[in-house]
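The next block is query-v2.pdb, given as PDB, C-alpha atoms.
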ATOM      1  CA  ALA X 497      36.773  -6.829 -78.648
ATOM      2  CA  ARG X 498      34.157  -9.155 -80.140
ATOM      3  CA  ARG X 499      35.858  -9.018 -83.552
ATOM      4  CA  ALA X 500      39.213  -9.738 -81.910
ATOM      5  CA  THR X 501      37.727 -12.809 -80.240
ATOM      6  CA  GLN X 502      36.178 -13.990 -83.503
ATOM      7  CA  ALA X 503      39.537 -13.531 -85.241
ATOM      8  CA  ALA X 504      41.196 -15.712 -82.569
ATOM      9  CA  VAL X 505      43.303 -12.820 -81.270
ATOM     10  CA  ASP X 506      44.694 -13.820 -77.895
ATOM     11  CA  PHE X 507      44.360 -11.064 -75.276
ATOM     12  CA  ARG X 508      44.242 -11.136 -71.500
ATOM     13  CA  ALA X 509      41.549  -8.536 -70.854
ATOM     14  CA  VAL X 510      39.874  -5.392 -72.130
ATOM     15  CA  ALA X 511      41.519  -2.481 -70.292
ATOM     16  CA  ALA X 512      40.078   1.033 -70.127
ATOM     17  CA  ASP X 513      40.154   4.166 -67.994
ATOM     18  CA  CYS X 514      37.356   5.557 -65.842
ATOM     19  CA  ALA X 515      35.603   7.217 -68.804
ATOM     20  CA  TYR X 516      34.536   3.666 -69.751
ATOM     21  CA  GLY X 517      34.790   1.919 -66.394
ATOM     22  CA  ASP X 518      32.095   4.103 -64.853
ATOM     23  CA  GLN X 519      29.601   3.000 -67.516
ATOM     24  CA  ASP X 520      27.568   0.177 -65.981
ATOM     25  CA  GLY X 521      25.997  -0.644 -69.348
ATOM     26  CA  PHE X 522      29.360  -0.974 -71.073
ATOM     27  CA  ARG X 523      30.743  -3.295 -68.412
ATOM     28  CA  GLY X 524      27.533  -5.318 -68.621
ATOM     29  CA  GLU X 525      27.871  -5.675 -72.392
ATOM     30  CA  LEU X 526      31.443  -6.935 -71.991
ATOM     31  CA  ALA X 527      30.362  -9.463 -69.367
ATOM     32  CA  THR X 528      27.420 -10.628 -71.494
ATOM     33  CA  ALA X 529      29.765 -11.113 -74.445
ATOM     34  CA  GLY X 530      32.021 -13.263 -72.256
ATOM     35  CA  LEU X 531      34.926 -10.802 -72.397
ATOM     36  CA  PRO X 532      37.288 -10.250 -69.455
ATOM     37  CA  PHE X 533      37.962  -6.646 -68.413
ATOM     38  CA  VAL X 534      40.048  -4.489 -66.077
ATOM     39  CA  MET X 535      38.598  -0.962 -65.976
ATOM     40  CA  ALA X 536      39.264   2.034 -63.767
ATOM     41  CA  LEU X 537      36.631   3.773 -61.668
ATOM     42  CA  LYS X 538      36.476   7.324 -60.389
ATOM     43  CA  ARG X 539      37.435   7.493 -56.737
ATOM     44  CA  ARG X 540      34.157   9.208 -55.807
ATOM     45  CA  ARG X 541      31.868   7.068 -57.941
ATOM     46  CA  GLY X 542      28.868   6.443 -55.700
ATOM     47  CA  VAL X 543      26.877   3.228 -55.293
ATOM     48  CA  TRP X 544      23.845   2.374 -53.194
ATOM     49  CA  ALA X 545      24.742   0.949 -49.793
ATOM     50  CA  HIS X 546      23.497   0.870 -46.219
ATOM     51  CA  GLY X 547      24.385   3.841 -44.040
ATOM     52  CA  PRO X 548      27.519   2.499 -42.302
ATOM     53  CA  ASP X 549      28.836   0.738 -45.422
ATOM     54  CA  ALA X 550      31.220   2.167 -48.023
ATOM     55  CA  HIS X 551      29.533   4.277 -50.685
ATOM     56  CA  THR X 552      32.520   5.069 -52.953
ATOM     57  CA  PRO X 553      35.725   3.248 -53.997
ATOM     58  CA  VAL X 554      37.839   5.529 -51.821
ATOM     59  CA  ASP X 555      35.601   4.727 -48.828
ATOM     60  CA  ALA X 556      36.106   1.012 -49.514
ATOM     61  CA  ALA X 557      39.886   1.495 -49.672
ATOM     62  CA  ARG X 558      39.952   3.405 -46.393
ATOM     63  CA  GLY X 559      38.116   0.540 -44.735
ATOM     64  CA  LEU X 560      41.002  -1.861 -45.413
ATOM     65  CA  ALA X 561      43.401  -2.639 -42.561
ATOM     66  CA  TRP X 562      46.879  -1.068 -42.852
ATOM     67  CA  HIS X 563      49.469  -0.797 -40.090
ATOM     68  CA  GLY X 564      52.571   0.007 -42.106
ATOM     69  CA  PRO X 565      54.853  -1.942 -44.475
ATOM     70  CA  ASP X 566      55.831  -4.361 -41.712
ATOM     71  CA  ARG X 567      52.174  -5.133 -40.892
ATOM     72  CA  PRO X 568      50.318  -4.549 -44.169
ATOM     73  CA  GLY X 569      47.036  -6.039 -42.984
ATOM     74  CA  ASP X 570      44.724  -6.416 -46.007
ATOM     75  CA  TRP X 571      47.300  -5.085 -48.454
ATOM     76  CA  THR X 572      49.793  -7.054 -50.562
ATOM     77  CA  ALA X 573      53.079  -5.685 -51.883
ATOM     78  CA  VAL X 574      53.255  -5.621 -55.686
ATOM     79  CA  THR X 575      56.485  -4.977 -57.582
ATOM     80  CA  ARG X 576      56.076  -2.983 -60.791
ATOM     81  CA  THR X 577      58.858  -3.225 -63.404
ATOM     82  CA  PHE X 578      59.231  -0.467 -65.991
ATOM     83  CA  ARG X 579      60.800  -0.370 -69.441
ATOM     84  CA  ASP X 580      64.084   1.120 -68.251
ATOM     85  CA  GLY X 581      64.491  -1.696 -65.735
ATOM     86  CA  HIS X 582      63.757   0.186 -62.516
ATOM     87  CA  THR X 583      61.168  -1.186 -60.116
ATOM     88  CA  THR X 584      58.795   0.350 -57.598
ATOM     89  CA  THR X 585      56.705  -1.185 -54.842
ATOM     90  CA  TRP X 586      52.965  -0.606 -54.887
ATOM     91  CA  TRP X 587      50.312  -2.030 -52.589
ATOM     92  CA  ALA X 588      47.140  -3.724 -53.788
ATOM     93  CA  ALA X 589      44.077  -5.216 -52.124
ATOM     94  CA  ASP X 590      40.631  -6.611 -52.862
ATOM     95  CA  ALA X 591      37.948  -4.344 -51.412
ATOM     96  CA  SER X 592      34.183  -4.613 -50.994
ATOM     97  CA  LEU X 593      31.755  -2.022 -52.330
ATOM     98  CA  GLY X 594      28.040  -2.720 -52.551
ATOM     99  CA  TRP X 595      27.636  -5.999 -54.439
ATOM    100  CA  TRP X 596      31.287  -5.992 -55.544
ATOM    101  CA  GLY X 597      33.725  -8.102 -53.565
ATOM    102  CA  PRO X 598      36.702 -10.490 -53.738
ATOM    103  CA  ASP X 599      34.462 -13.438 -54.660
ATOM    104  CA  GLY X 600      31.717 -11.534 -56.462
ATOM    105  CA  THR X 601      30.971 -11.369 -60.166
ATOM    106  CA  THR X 602      32.895  -8.101 -60.229
ATOM    107  CA  ARG X 603      35.936  -7.462 -58.048
ATOM    108  CA  LEU X 604      37.083  -4.056 -56.794
ATOM    109  CA  VAL X 605      40.883  -3.939 -56.701
ATOM    110  CA  VAL X 606      42.670  -0.933 -55.204
ATOM    111  CA  ALA X 607      46.320  -0.291 -56.080
ATOM    112  CA  THR X 608      48.319   2.562 -54.583
ATOM    113  CA  THR X 609      51.768   3.759 -53.645
ATOM    114  CA  ASP X 610      50.630   4.597 -50.111
ATOM    115  CA  PRO X 611      47.675   2.812 -48.445
ATOM    116  CA  ASP X 612      47.799   5.290 -45.583
ATOM    117  CA  THR X 613      47.115   8.472 -47.589
ATOM    118  CA  LEU X 614      45.801   7.028 -50.899
ATOM    119  CA  PRO X 615      47.344   9.783 -53.076
ATOM    120  CA  GLU X 616      44.943  10.734 -55.838
ATOM    121  CA  LYS X 617      47.503  10.656 -58.669
ATOM    122  CA  SER X 618      49.000   7.282 -57.757
ATOM    123  CA  THR X 619      45.964   5.286 -56.642
ATOM    124  CA  TRP X 620      43.884   3.140 -58.968
ATOM    125  CA  TYR X 621      40.376   1.816 -58.307
ATOM    126  CA  LEU X 622      39.828  -1.072 -60.706
ATOM    127  CA  ALA X 623      36.754  -3.126 -61.546
ATOM    128  CA  THR X 624      37.435  -6.555 -63.049
ATOM    129  CA  ASN X 625      35.567  -9.780 -63.720
ATOM    130  CA  LEU X 626      38.750 -11.879 -63.584
ATOM    131  CA  PRO X 627      38.324 -14.239 -60.603
ATOM    132  CA  ARG X 628      40.608 -14.246 -57.608
ATOM    133  CA  PRO X 629      42.878 -17.319 -57.292
ATOM    134  CA  GLY X 630      41.156 -19.763 -54.959
ATOM    135  CA  SER X 631      37.793 -18.041 -55.357
ATOM    136  CA  PRO X 632      34.636 -20.168 -55.736
ATOM    137  CA  ARG X 633      34.127 -18.401 -59.106
ATOM    138  CA  GLU X 634      37.412 -19.739 -60.469
ATOM    139  CA  ALA X 635      35.792 -23.037 -61.518
ATOM    140  CA  ASP X 636      32.670 -21.347 -62.934
ATOM    141  CA  THR X 637      34.309 -18.939 -65.386
ATOM    142  CA  ALA X 638      36.266 -19.398 -68.579
ATOM    143  CA  HIS X 639      38.652 -16.590 -67.630
ATOM    144  CA  PRO X 640      41.916 -17.644 -65.966
ATOM    145  CA  ALA X 641      42.281 -16.380 -62.424
ATOM    146  CA  ALA X 642      44.321 -13.226 -61.849
ATOM    147  CA  ASP X 643      46.087 -12.291 -58.644
ATOM    148  CA  LEU X 644      46.584  -8.709 -57.522
ATOM    149  CA  ALA X 645      49.947  -8.366 -59.263
ATOM    150  CA  GLU X 646      48.378  -9.454 -62.564
ATOM    151  CA  ILE X 647      45.535  -6.947 -62.265
ATOM    152  CA  VAL X 648      48.005  -4.125 -61.584
ATOM    153  CA  ARG X 649      50.188  -5.232 -64.504
ATOM    154  CA  ILE X 650      47.269  -5.201 -66.950
ATOM    155  CA  TYR X 651      46.162  -1.695 -66.049
ATOM    156  CA  GLY X 652      49.761  -0.474 -66.032
ATOM    157  CA  ILE X 653      50.053  -1.529 -69.682
ATOM    158  CA  ARG X 654      46.947   0.513 -70.493
ATOM    159  CA  ASN X 655      48.627   3.619 -69.061
ATOM    160  CA  TRP X 656      51.692   3.051 -71.242
ATOM    161  CA  ILE X 657      49.577   2.747 -74.388
ATOM    162  CA  GLU X 658      47.955   6.075 -73.515
ATOM    163  CA  GLN X 659      51.304   7.892 -73.662
ATOM    164  CA  SER X 660      51.547   7.816 -77.449
ATOM    165  CA  HIS X 661      48.028   9.241 -77.764
ATOM    166  CA  LYS X 662      48.947  12.292 -75.665
ATOM    167  CA  GLN X 663      51.280  13.538 -78.386
ATOM    168  CA  VAL X 664      48.648  12.877 -81.044
ATOM    169  CA  LYS X 665      46.126  14.987 -79.138
ATOM    170  CA  ASP X 666      48.482  17.775 -78.044
ATOM    171  CA  GLU X 667      51.561  18.100 -80.284
ATOM    172  CA  LEU X 668      49.863  17.151 -83.561
ATOM    173  CA  GLY X 669      46.457  18.745 -82.979
ATOM    174  CA  TRP X 670      44.111  15.745 -82.817
ATOM    175  CA  ALA X 671      41.666  17.721 -80.684
ATOM    176  CA  ASP X 672      42.189  21.104 -82.405
ATOM    177  CA  PHE X 673      39.628  20.677 -85.150
ATOM    178  CA  GLN X 674      37.567  23.650 -86.324
ATOM    179  CA  VAL X 675      34.844  21.733 -88.093
ATOM    180  CA  ARG X 676      31.359  20.743 -87.078
ATOM    181  CA  THR X 677      30.121  17.626 -88.865
ATOM    182  CA  ASP X 678      30.896  14.181 -87.519
ATOM    183  CA  ARG X 679      32.427  13.062 -90.817
ATOM    184  CA  ALA X 680      34.718  16.106 -90.962
ATOM    185  CA  ILE X 681      35.893  15.547 -87.379
ATOM    186  CA  ARG X 682      36.699  11.901 -88.099
ATOM    187  CA  ARG X 683      38.557  12.835 -91.285
ATOM    188  CA  HIS X 684      40.669  15.349 -89.357
ATOM    189  CA  GLN X 685      41.466  12.812 -86.663
ATOM    190  CA  THR X 686      42.380  10.193 -89.265
ATOM    191  CA  LEU X 687      44.807  12.580 -90.969
ATOM    192  CA  VAL X 688      46.459  13.455 -87.642
ATOM    193  CA  ASN X 689      46.895   9.776 -86.804
ATOM    194  CA  CYS X 690      48.389   9.170 -90.243
ATOM    195  CA  ALA X 691      50.831  12.025 -89.652
ATOM    196  CA  PHE X 692      51.783  10.555 -86.286
ATOM    197  CA  SER X 693      52.324   7.122 -87.827
ATOM    198  CA  PHE X 694      54.535   8.658 -90.519
ATOM    199  CA  CYS X 695      56.655  10.484 -87.938
ATOM    200  CA  TRP X 696      56.818   7.372 -85.762
ATOM    201  CA  GLU X 697      58.126   5.177 -88.576
ATOM    202  CA  ALA X 698      60.372   7.803 -90.229
ATOM    203  CA  GLY X 699      63.411   6.274 -88.630
ATOM    204  CA  PRO X 700      65.049   5.387 -85.325
ATOM    205  CA  PRO X 701      66.362   8.233 -83.158
ATOM    206  CA  PRO X 702      70.120   8.881 -83.134
ATOM    207  CA  THR X 703      72.057   6.936 -80.548
ATOM    208  CA  PRO X 704      73.843   8.855 -77.771
ATOM    209  CA  ALA X 705      77.188   8.221 -79.517
ATOM    210  CA  ASN X 706      76.259   9.895 -82.812
ATOM    211  CA  ARG X 707      73.560  12.269 -81.616
ATOM    212  CA  PRO X 708      74.361  15.781 -82.854
ATOM    213  CA  ALA X 709      75.133  18.394 -80.251
ATOM    214  CA  ARG X 710      72.328  20.779 -79.445
ATOM    215  CA  PRO X 711      72.783  23.849 -81.650
ATOM    216  CA  VAL X 712      73.136  27.278 -80.123
ATOM    217  CA  ARG X 713      69.701  28.853 -80.110
ATOM    218  CA  PRO X 714      69.658  31.638 -82.698
ATOM    219  CA  GLU X 715      67.907  34.937 -82.425
ATOM    220  CA  ARG X 716      64.141  35.065 -82.468
ATOM    221  CA  GLY X 717      62.648  34.595 -85.904
ATOM    222  CA  HIS X 718      65.437  32.424 -87.364
ATOM    223  CA  PRO X 719      65.126  28.677 -87.919
ATOM    224  CA  ILE X 720      66.880  26.273 -85.598
ATOM    225  CA  ALA X 721      67.379  23.423 -88.056
ATOM    226  CA  PRO X 722      69.098  23.952 -91.417
ATOM    227  CA  PRO X 723      66.715  24.130 -94.377
ATOM    228  CA  GLY X 724      65.898  20.794 -95.915
ATOM    229  CA  THR X 725      66.446  18.787 -92.754
ATOM    230  CA  LEU X 726      63.381  16.717 -92.000
ATOM    231  CA  ALA X 727      64.285  15.620 -88.481
ATOM    232  CA  PRO X 728      67.719  16.849 -87.324
ATOM    233  CA  GLY X 729      67.392  15.175 -83.948
ATOM    234  CA  PRO X 730      65.243  14.936 -80.840
ATOM    235  CA  THR X 731      63.763  18.221 -79.746
ATOM    236  CA  HIS X 732      64.497  19.674 -76.334
ATOM    237  CA  ARG X 733      60.837  20.491 -75.923
ATOM    238  CA  PRO X 734      58.114  18.001 -74.816
ATOM    239  CA  GLN X 735      58.631  14.999 -77.022
ATOM    240  CA  LEU X 736      57.231  11.575 -77.718
ATOM    241  CA  ALA X 737      57.078   9.023 -74.954
ATOM    242  CA  ASP X 738      58.028   6.514 -77.634
ATOM    243  CA  PRO X 739      61.605   5.614 -78.664
ATOM    244  CA  HIS X 740      60.891   7.435 -81.929
ATOM    245  CA  PRO X 741      60.851  11.167 -81.056
ATOM    246  CA  HIS X 742      60.804  12.455 -84.624
ATOM    247  CA  ALA X 743      57.220  13.712 -84.507
ATOM    248  CA  ALA X 744      57.972  16.532 -82.082
ATOM    249  CA  THR X 745      61.172  17.354 -83.992
ATOM    250  CA  LEU X 746      59.263  17.591 -87.237
ATOM    251  CA  VAL X 747      56.593  19.801 -85.704
ATOM    252  CA  GLU X 748      59.225  22.083 -84.175
ATOM    253  CA  SER X 749      61.071  22.346 -87.483
ATOM    254  CA  LEU X 750      57.871  23.323 -89.302
ATOM    255  CA  VAL X 751      57.033  25.937 -86.701
ATOM    256  CA  GLN X 752      60.513  27.454 -86.817
ATOM    257  CA  HIS X 753      60.484  27.631 -90.627
ATOM    258  CA  ALA X 754      57.022  29.187 -90.844
ATOM    259  CA  PRO X 755      57.290  32.807 -92.072
ATOM    260  CA  SER X 756      56.009  35.454 -89.750
ATOM    261  CA  SER X 757      55.976  39.226 -89.738
ATOM    262  CA  ARG X 758      55.934  41.654 -86.882
ATOM    263  CA  VAL X 759      52.665  43.566 -86.609
ATOM    264  CA  THR X 760      52.985  47.148 -85.387
ATOM    265  CA  LYS X 761      50.511  48.745 -83.064
ATOM    266  CA  PRO X 762      48.020  51.214 -84.565
ATOM    267  CA  ASP X 763      49.744  54.198 -82.937
ATOM    268  CA  GLN X 764      53.103  53.167 -84.397
ATOM    269  CA  ARG X 765      52.096  52.642 -87.998
ATOM    270  CA  SER X 766      52.368  56.332 -88.926
ATOM    271  CA  GLN X 767      55.944  56.521 -87.606
ATOM    272  CA  TYR X 768      57.294  53.865 -89.929
ATOM    273  CA  ARG X 769      56.265  53.305 -93.495
ATOM    274  CA  PRO X 770      58.391  51.013 -95.727
ATOM    275  CA  THR X 771      59.491  52.604 -98.987
ATOM    276  CA  THR X 772      58.601  49.478-100.913
ATOM    277  CA  GLN X 773      55.909  46.972-100.197
ATOM    278  CA  PRO X 774      57.317  43.486 -99.557
ATOM    279  CA  PRO X 775      55.941  40.769-101.824
ATOM    280  CA  PRO X 776      53.203  38.624-100.306
ATOM    281  CA  PRO X 777      54.342  35.267 -98.941
ATOM    282  CA  THR X 778      54.058  32.280-101.186
ATOM    283  CA  PRO X 779      50.763  30.521-100.401
ATOM    284  CA  ALA X 780      52.507  27.161-100.155
ATOM    285  CA  LEU X 781      54.780  28.451 -97.382
ATOM    286  CA  THR X 782      52.298  30.117 -95.108
ATOM    287  CA  ASN X 783      51.323  28.539 -91.846
ATOM    288  CA  HIS X 784      47.642  28.680 -92.822
ATOM    289  CA  ARG X 785      47.925  25.974 -95.453
TER     290      ARG X 785
END

Starting from the file, give its structure as structure tokens.
Amino acid sequence: ARRATQAAVDFRAVAADCAYGDQDGFRGELATAGLPFVMALKRRRGVWAHGPDAHTPVDAARGLAWHGPDRPGDWTAVTRTFRDGHTTTWWAADASLGWWGPDGTTRLVVATTDPDTLPEKSTWYLATNLPRPGSPREADTAHPAADLAEIVRIYGIRNWIEQSHKQVKDELGWADFQVRTDRAIRRHQTLVNCAFSFCWEAGPPPTPANRPARPVRPERGHPIAPPGTLAPGPTHRPQLADPHPHAATLVESLVQHAPSSRVTKPDQRSQYRPTTQPPPPTPALTNHR
């Protein structure tokens, strides 16, 4: 973030999930460097407070007034717009937790689909140093003020960026390294990211008009795609959350083409013995390369 600022890169805020947001030292370093941030917190992250006061972000959220959509109390309706054009209504509010508050150095913003139940999977607890519009801090900071809708928008973008990394970690094996040294781990992760970038930029996916029909699934052990086809089309299995779904197609094609042999159980080996030994697989074609 410091290098981006020095290079005159224009960005609204540093956004990160709770793995970083819960680190007081990291948030302090960002604030000391004069960098704006919007970072998630764990719902049960505890802070020191007097007995009757809120001790966790979820406690602070439950202390906000809510009487239904017609009488939202402390909550404000926020419209979220997604890439496909559909919209959903969330609710957001400034909460107070310890020394954090609407006009404090750090704000606690809660965003949820249901202020009444605060569902765990659709409720965000966000710490930010962007001032509230009309706050006394607005004139004392170099960061432009951000209303609740802006805070929700910033963190929503962070979630979208995360989608592409899920396929890197799961489909392409970013986390499946079997090495021990730090340098070897970083080399493995660099190669996986290069592979993902190659698949991402291999070409646009076929449009619905010219997309090939899904082939009839053959018997077990036979390839789905014809030999020599790099990416015959989007796979029907979990695929990229990006418009370029060729990475999953490529991985599926490699898996289907990998040679495999059926291993008999020990008590069955004496009942069947091939008359001739099959040649060993070509090293370049094994799935252990």

Query raised in the report: Of the candidates X:Ala557, X:Ala500, X:Ala645, X:Leu668, which shows the shortest atom-to-atom distance to X:Trp586, using all atoms listed in the file?
Result: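 Comparing X:Ala557, X:Ala500, X:Ala645, X:Leu668 against X:Trp586, the winner is X:Ala645.
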
Query raised in the report: Can you list what the PyMOL selection byres ((chain X and resi 601) around 8) grabs from this structure, as a ChimeraX atom specification?
Result: /X:596-597,599-600,602-603,625,627,633

Query raised in the report: So how far away is atom CA of X:Val664 from atom CA of X:Phe522, in Å?
Result: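 So the answer is 25.8 Å.
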
Query raised in the report: Which residues match the PyMOL selection byres ((chain X and resi 510-520) around 7) in the file above, as an NGL selection string?
Result: :X and (509 or 521-524 or 532-538 or 651 or 654)

Requested in this report: Just give me the gap between atom CA of X:Pro629 and atom CA of X:Ala589 in Å, one decimal is fine.
Outcome: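 Between atom CA of X:Pro629 and atom CA of X:Ala589 the gap works out to 13.2 Å.
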
Report task. For the file shown, report as a ChimeraX atom specification the outcome of the PyMOL selection byres ((chain X and resi 648) around 12) at residue level. Result -> /X:511,534-536,572-577,585-590,604-609,619-624,642-647,649-655
